[in-house]
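Trainee: Here it is, the structure, as structure tokens.
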Amino acid sequence: MFGFSDETYIDIASGNGGSGCVSFRREKFVPKGGPDGGDGGRGGDLVFVVKNNLRTLAHLKIIRTFRAENGKNGSGARCFGRDGADMEVPVPPGTVIKNAETGEIIKDLTGTERFVFLKGGRGGLGNWHFRTATRQAPRFAQPGEPGTEMRVGLELLVIADIGFVGFPNAGKSSLMNMLTNARSKVAPYPFTTKIPQLGMMRYDGCDVVLADIPGIIEGASSGAGMGIKFLRHIARTRGLAYLIDMSEPDCLEKYDLLRNELSSYSHELLEKKEILIGTKLDEDGASENFAKFSEKYADHEVYGRTVRQDETIRPVMQAVMRLVSEDMKKSEKTEKEEEQED
């Protein structure tokens with residue numbers, strides 16, 4: 001079984017076109033049959049295919065070179081060469097193709113099922129095409145066009161509606177298991193979540209995809225802990241849910257610390273809609289801390305969550321749904337305005 005992988009580099013190439021044929025018709029009772037060289041076949045295309053059953057790029061760390069088949073050469077009797085077979089590269093939804101040298105995004109495969117990335121080379125024309133009244137026996141044909149070779153980077157950006165952000169052991173996995181059918185590991189020690197976890201929350205007939213990323217610690221932007229490399233997986237979310245452990249004495253500063261680490265990765269993350277969730281309210285002193293936390297961030301949406309009281313889960317679900325619906329309405333409004341401008 002492959003491990004989780006969200007970034008890799010591969011070498012890809014489309015197929016070369018087959019060469020045209022130089023041939024002349026020679027039959028027993030046809031002394032001057034003329035040229036009959038056929039065309040070469042087209043080289044195969046390099047195609048990226050999005051597979052919904054894939055969740056990682058790990059399979060592309062085993063095979064790193066993908067080449068489409070070359071087209072076959074033409075032959076006599078005006079027989080065309082066979083086209084080369086396409087090479088398909090399977091990738092999970094949310095994959096981005098980047099220039100391996102510059103890091104520039106070439107193509108975002110979100111919403112795409114099949115994308116022809118490199119076209120195969122065109123097949124060459126046989127000498128049959130070059131006959132004229134004054135050149136009745138052309139002894140040349142076209143070579144096939146070469147395919148294209150390049151090295152690209154592939155990066156997986158998990159597609160989710162809401163991303164969970166918090167310090168290690170803040171209760172993200174427990175909340176994920178309560179809201180969805182996911183079975184994230186829960187244990188009384190930090191970094192139980194080592195890779196991004198996805199879960200589907202269903203509420204009031206609507207489905208919402210939630211993403212739980214590994215915990216962030218102070219100094220993560222400088223490489224501390226597991227770093228901030230997994231923050232790419234919440235770059236596409238509609239909103240963020242910050243989970244703060246209210247049982248810790250420094251809980252009032254945790255929200256600002258998290259935002260500082262996120263800003264080191266991308267300021268765009270700070271512009272996303274957000275809710276704050278205080279967790280572990282049934283621990284000693286947590287209720288008093290939560291009251292202070294709610295007062296400090298009175299201009300934010302703040303919700304409390306206990307481990308043993310299920311009634312605290314419904315307001316969180318409603319807040320998540322509201323966050324998603326507001327962003328969807330905003331996106332639809334923006335799209336209509338862009339259509340009107342066009």
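Ligands are numbered from 1 in the order shown, residues from 1 within each chain, and chains are lettered A, B, ... in the order they appear in the structure tokens.
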Restrict the calculation to only C-alpha atoms, then for each residue of region 301-326 of chain A with any atom at most 10 Å from an atom of region 151-161 of chain A give the closest atom pair and their distance in Å to one decimal, rows by chain and rising residue number, as JSON lines.

Mentor:
```
{"residue": "A:Val320", "atom": "CA", "partner": "A:Asp161", "partner_atom": "CA", "distance": 9.1}
{"residue": "A:Met321", "atom": "CA", "partner": "A:Asp161", "partner_atom": "CA", "distance": 9.6}
{"residue": "A:Leu323", "atom": "CA", "partner": "A:Asp161", "partner_atom": "CA", "distance": 9.1}
{"residue": "A:Val324", "atom": "CA", "partner": "A:Asp161", "partner_atom": "CA", "distance": 6.7}
```

Trainee: Going by DSSP on the backbone, which bits of region 52-155 of chain A are helix (DSSP H, G or I)? Write them as a list in words, please.

Mentor: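 These are the residues in question: Ala58, His59, Leu60, Lys61, Asn127, Trp128, His129 and Phe130 of chain A.
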
Trainee: I want to know what sits within 12 Å of region 277-291 of chain A, based on only C-alpha atoms, with residues of the same chain fewer than 6 positions away left out; could you give that as a PyMOL selection string?

Mentor: chain A and resi 164-167+169-175+240-255+297-298+300-309+312-313+315-317+319-320

Trainee: Within 6 Å of Gly124 (chain A), counting only C-alpha atoms, which residues show up once you throw out same-chain ones fewer than 4 positions away? Write them as a list in words, please.

Mentor: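 The neighbour list is Ser19, Gly20, Asp39, Gly40, Gln142, Pro143 and Gly144 of chain A.
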
Trainee: To one decimal place in Å, what is the distance between CA of Lys72 (chain A) and CA of Pro138 (chain A)?

Mentor: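 Atom-to-atom, CA of Lys72 (chain A) and CA of Pro138 (chain A) are spaced 21.4 Å apart.
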
Trainee: Calculate how many Å separate CA of Pro168 (chain A) from CA of Ile213 (chain A), rounding to one decimal.

Mentor: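 Between these atoms lies a distance of 10.1 Å.
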
Trainee: Could you tell me which of A:Glu311, A:Val96, A:Asp207, A:Thr112 comes closest to His233 (chain A) if we count only C-alpha atoms?

Mentor: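 Closest candidate: A:Val96.
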
Trainee: Nearest to Ala141 (chain A) among A:Ser75, A:Leu270, A:Ile105, A:Phe29, with distances taken over only C-alpha atoms: which residue is it?

Mentor: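 The closest residue to Ala141 (chain A) is A:Ser75.
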
Trainee: Please report the interatomic distance between CA of Val50 (chain A) and CA of Ala68 (chain A) in Å with one decimal.

Mentor: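 We find that CA of Val50 (chain A) and CA of Ala68 (chain A) lie 17.7 Å from each other.
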
Trainee: Would you please work out which residue, of A:Glu104, A:Cys79, A:Arg202, A:Arg259, is nearest to Met178 (chain A) when using only C-alpha atoms?

Mentor: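 The closest residue to Met178 (chain A) is A:Arg202.
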
Trainee: Would you return as JSON, numbers by chain the members of region 263-307 of chain A that DSSP assigns to strand (DSSP E) on this structure's backbone?

Mentor: {"A": [273, 274, 275, 276, 277, 278, 279, 302, 303, 304, 305]}

Trainee: Which of these, A:Leu276, A:Val209, A:Ile97, A:Leu118, has the shortest distance to Leu46 (chain A) once you count only C-alpha atoms?

Mentor: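 So, comparing all the options, the nearest one is A:Leu118.
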